[in-house]
Amino acid sequence: MKTQKIGAWLAIFFGASYFIIPLIATFEFSLRMRRGEYSFDAYRSVFSDVQFRESFSYSIVMALLTIVFGVLLVVPTAYWVRLRLPQMRPVVEFITLMPLVIPAIVIVFGYLRIYNSSSYIPFTGSARGTDLLLMFSFMTLSLPYMYRSVDTAMRTIDVGTLTEAAQSLGASWPTIMFKCIFPNVMSGVLSGAFITFAIVIGEFTMPSLLNRPAFGPYLQLIGANRAYEPPALAVIAFAITWGCMILLQLVSRFSKSAPAKP
C-alpha cells in the first residue's frame with residue numbers, strides 16, 4: 001500500500017510540475033522588463049494600452065451576448081427534448097458534439113462562404129452583422145459544453161412533474177420555462193456560462209478570420225511584436241481561465257447541497 005501511495009504522489013507531483021513550472025517561468029520572465037530588477041512594468045504597459053482595453057472589453061461583451069443567446073437556445077431545447085422528444089436525444093447530442101469534431105477554421109470559412117456580402121444574408125457586409133456572425137460562431141464553439149452542463153442539471157429534476165404541476169395551476173409555457181425550469185437548472189447554466197466565457201476570451205481563429213478586434217488576435221499581435229508583454233498577457237489569460245474554473249467548481253459544490261425548487 002505504501003508503494004502505491006508513493007507512486008500516486010509522485011505521479012501527482014510530476015503532473016503538477018509539468019504545468020506549474022512553465023507558468024512560474026513565464027511569470028518570472030514577465031517581471032524582467034526593467035533591466036537588473038523585477039518589476040510589474042510589463043503589466044503596467046499592458047493595462048495602459050488602449051488596444052488592450054478595447055479588445056478585452058469587446059471580448060467581454062461578446063462573451064456575455066454569447067452566454068445570453070446560448071442559454072436561450074440550449075435550455076428550451078434540452079427541456080423540450082427531455083419532455084416531449086426523448087427519441088431525438090441521440091440526434092441532438094450528436095449535433096451538439098459536432099463543433100468538437102469540426103475545426104474552428106473550417107466552420108468560419110463555411111460562414112464566410114455562406115454569409116458573405118454578396119449572399120442572401122450578408123452578415124459580413126457590415127461591422128454589426130459581422131459581430132452577430134461572430135457571436136453565432138462563439139455559440140457554436142460553446143454548444144457542446146453548454147448543452148452538456150444544462151442537460152446534466154436537468155437530469156437531477158423531474159421535468160414532467162414540474163411541468164404538470166405548473167400547468168395544473170394555469171401557468172403558461174413562458175412561465176413554466178422561466179419560473180420553474182430555469183431556477184432548477186441554474187447550476188448547469190452557470191457552469192456552461194463560465195466555460196463559454198473562457199472560450200470566447202481565448203478564441204483566436206474566428207475573430208481573426210472575421211477581422212474583429214477581439215482579445216485573441218490582440219494576444220497574437222502583441223506576441224509577434226513585443227518581448228515582455230506577451231508573458232504578462234499569458235499570465236492574465238491564465239488567471240481569467242482559472243478564475244472561471246474556480247467559480248465553476250464553487251457553483252457545482254453549492255448546487256449539490258441545494259435542494260431542487262418545487
# chains A, B, ... in the order shown; residues from 1 in each chain; ligands from 1
$ residues_around --residues "Gly216 of chain A" --least-positions-apart "4" --cutoff "8 Å" --atoms "only C-alpha atoms" --output "short mmCIF file (atom, residue, chain, number, x, y, z; two decimals) with C-alpha atoms, in the first residue's frame"
data_model
loop_
_atom_site.label_atom_id
_atom_site.label_comp_id
_atom_site.auth_asym_id
_atom_site.auth_seq_id
_atom_site.Cartn_x
_atom_site.Cartn_y
_atom_site.Cartn_z
CA ILE A 201 -11.80 35.25 -24.25
CA GLY A 202 -9.16 32.92 -25.66
CA GLU A 203 -10.52 32.21 -29.16
CA PHE A 204 -8.24 33.37 -31.97
CA PRO A 207 -12.33 36.69 -34.72
CA SER A 208 -9.07 36.79 -36.67
CA GLN A 220 -1.15 37.13 -31.20
#
$ closest_atom_pairs --of "segment 151-213 of chain A" --to "segment 106-117 of chain A" --cutoff "9 Å" --atoms "only C-alpha atoms" --output "tab-separated table"
residue	atom	partner	partner_atom	distance
A:Thr205	CA	A:Val108	CA	8.1
A:Met206	CA	A:Val108	CA	5.9
A:Leu209	CA	A:Val108	CA	7.4
A:Leu210	CA	A:Val108	CA	7.9
$ closest_residue --among "A:Thr77, A:Ser187, A:Gln51, A:Ser126" --to "Thr152 of chain A" --atoms "only C-alpha atoms"
A:Ser187
$ closest_residue --among "A:Arg128, A:Arg89, A:Arg84, A:Arg53" --to "Ala214 of chain A" --atoms "only C-alpha atoms"
A:Arg53
$ closest_residue --among "A:Met135, A:Val159, A:Leu143, A:Ala63" --to "Arg82 of chain A" --atoms "only C-alpha atoms"
A:Val159
$ select_by_dssp --residues "segment 88-225 of chain A" --states "helix (DSSP H, G or I)" --output "MDAnalysis selection string"
chainID A and resid 88:101 104:114 123:125 127:155 159:168 173:184 186:202 205:209 215:225
$ atom_distance --atom1 "atom CA of Asp158 of chain A" --atom2 "atom CA of Leu248 of chain A"
23.6 Å
$ residues_around --residues "Ile176 of chain A" --least-positions-apart "4" --cutoff "9 Å" --atoms "only C-alpha atoms" --output "PyMOL selection string"
chain A and resi 162-163+166-167+171-172+180-182
$ write_last_selection --atoms "C-alpha atoms" --output "compact mmCIF listing (two decimals), in the first residue's frame"
# COMPACT_ATOMS: atom_id res chain seq x y z
CA LEU A 162 -42.78 20.17 -12.59
CA THR A 163 -44.49 20.85 -15.91
CA ALA A 166 -47.29 24.25 -13.24
CA GLN A 167 -49.92 23.55 -15.91
CA ALA A 171 -49.08 28.56 -15.86
CA SER A 172 -48.24 29.38 -19.47
CA CYS A 180 -39.88 26.55 -12.95
CA ILE A 181 -37.19 25.22 -15.25
CA PHE A 182 -34.56 27.96 -15.27
$ residues_around --residues "Ser142 of chain A" --least-positions-apart "4" --cutoff "7 Å" --atoms "only C-alpha atoms" --output "MDAnalysis selection string"
chainID A and resid 138 146 196
$ write_last_selection --atoms "all heavy atoms" --output "PDB file, in the first residue's frame"
ATOM      1  N   PHE A 138     -19.241  31.836 -31.820  1.00  0.00           N
ATOM      2  CA  PHE A 138     -18.914  31.502 -30.434  1.00  0.00           C
ATOM      3  C   PHE A 138     -19.965  30.574 -29.830  1.00  0.00           C
ATOM      4  O   PHE A 138     -19.626  29.663 -29.056  1.00  0.00           O
ATOM      5  CB  PHE A 138     -18.798  32.771 -29.598  1.00  0.00           C
ATOM      6  CG  PHE A 138     -17.566  33.586 -29.883  1.00  0.00           C
ATOM      7  CD1 PHE A 138     -17.587  34.968 -29.800  1.00  0.00           C
ATOM      8  CD2 PHE A 138     -16.372  32.972 -30.219  1.00  0.00           C
ATOM      9  CE1 PHE A 138     -16.452  35.722 -30.041  1.00  0.00           C
ATOM     10  CE2 PHE A 138     -15.230  33.715 -30.470  1.00  0.00           C
ATOM     11  CZ  PHE A 138     -15.269  35.090 -30.381  1.00  0.00           C
ATOM     12  N   MET A 146     -22.137  23.910 -23.132  1.00  0.00           N
ATOM     13  CA  MET A 146     -23.373  24.479 -22.596  1.00  0.00           C
ATOM     14  C   MET A 146     -24.476  23.429 -22.567  1.00  0.00           C
ATOM     15  O   MET A 146     -25.195  23.286 -21.559  1.00  0.00           O
ATOM     16  CB  MET A 146     -23.797  25.686 -23.436  1.00  0.00           C
ATOM     17  CG  MET A 146     -25.071  26.369 -22.964  1.00  0.00           C
ATOM     18  SD  MET A 146     -24.917  27.140 -21.345  1.00  0.00           S
ATOM     19  CE  MET A 146     -24.008  28.629 -21.805  1.00  0.00           C
ATOM     20  N   THR A 196     -18.057  28.967 -21.423  1.00  0.00           N
ATOM     21  CA  THR A 196     -18.247  29.801 -22.615  1.00  0.00           C
ATOM     22  C   THR A 196     -17.417  31.076 -22.527  1.00  0.00           C
ATOM     23  O   THR A 196     -16.790  31.495 -23.507  1.00  0.00           O
ATOM     24  CB  THR A 196     -19.735  30.151 -22.781  1.00  0.00           C
ATOM     25  OG1 THR A 196     -20.488  28.945 -22.929  1.00  0.00           O
ATOM     26  CG2 THR A 196     -19.946  31.039 -24.002  1.00  0.00           C
TER      27      THR A 196
END
$ closest_residue --among "A:Ala232, A:Val68, A:Val189, A:Ala78" --to "Pro90 of chain A" --atoms "only C-alpha atoms"
A:Ala78
$ closest_residue --among "A:Tyr218, A:Tyr228, A:Phe27, A:Trp242" --to "Tyr58 of chain A" --atoms "only C-alpha atoms"
A:Tyr218
$ atom_distance --atom1 "atom CA of Ala8 of chain A" --atom2 "atom CA of Met245 of chain A"
24.1 Å
$ atom_distance --atom1 "atom CA of Leu85 of chain A" --atom2 "atom CA of Gly160 of chain A"
12.2 Å
$ closest_residue --among "A:Asn211, A:Thr156, A:Thr175, A:Asn184" --to "Leu134 of chain A" --atoms "only C-alpha atoms"
A:Asn211
$ residues_around --residues "Cys244 of chain A" --least-positions-apart "5" --cutoff "10 Å" --atoms "only C-alpha atoms" --output "compact mmCIF listing (two decimals) with N, CA and C atoms, in the first residue's frame"
# COMPACT_ATOMS: atom_id res chain seq x y z
N SER A 191 -22.41 26.87 -14.99
CA SER A 191 -21.23 26.09 -15.39
C SER A 191 -20.93 26.27 -16.87
N ALA A 193 -21.88 28.76 -18.67
CA ALA A 193 -21.55 30.17 -18.89
C ALA A 193 -20.08 30.44 -18.62
N PHE A 194 -19.53 29.88 -17.54
CA PHE A 194 -18.13 30.10 -17.22
C PHE A 194 -17.22 29.50 -18.29
N ILE A 195 -17.56 28.31 -18.76
CA ILE A 195 -16.76 27.68 -19.83
C ILE A 195 -16.86 28.50 -21.11
N THR A 196 -18.06 28.97 -21.42
CA THR A 196 -18.25 29.80 -22.62
C THR A 196 -17.42 31.08 -22.53
N PHE A 197 -17.41 31.70 -21.37
CA PHE A 197 -16.63 32.92 -21.17
C PHE A 197 -15.15 32.66 -21.44
N ALA A 198 -14.62 31.57 -20.90
CA ALA A 198 -13.21 31.24 -21.12
C ALA A 198 -12.92 30.98 -22.60
N PHE A 238 -4.34 33.21 -18.30
CA PHE A 238 -4.38 32.02 -17.46
C PHE A 238 -5.19 32.29 -16.19
N ALA A 239 -5.00 33.46 -15.59
CA ALA A 239 -5.73 33.81 -14.37
C ALA A 239 -7.23 33.90 -14.65
N GLN A 249 -16.34 25.31 -10.11
CA GLN A 249 -16.28 24.34 -9.02
C GLN A 249 -17.13 24.78 -7.84
N LEU A 250 -17.10 26.08 -7.51
CA LEU A 250 -17.91 26.58 -6.41
C LEU A 250 -19.39 26.42 -6.69
$ residues_around --residues "Thr130 of chain A" --least-positions-apart "6" --cutoff "8 Å" --atoms "only C-alpha atoms" --output "tab-separated table (two decimals) with C-alpha atoms, in the first residue's frame"
chain	number	residue	atom	x	y	z
A	123	PHE	CA	-23.62	39.29	-42.37
A	124	THR	CA	-20.11	40.32	-43.39
A	210	LEU	CA	-13.67	37.65	-39.43
A	212	ARG	CA	-12.89	41.64	-35.44
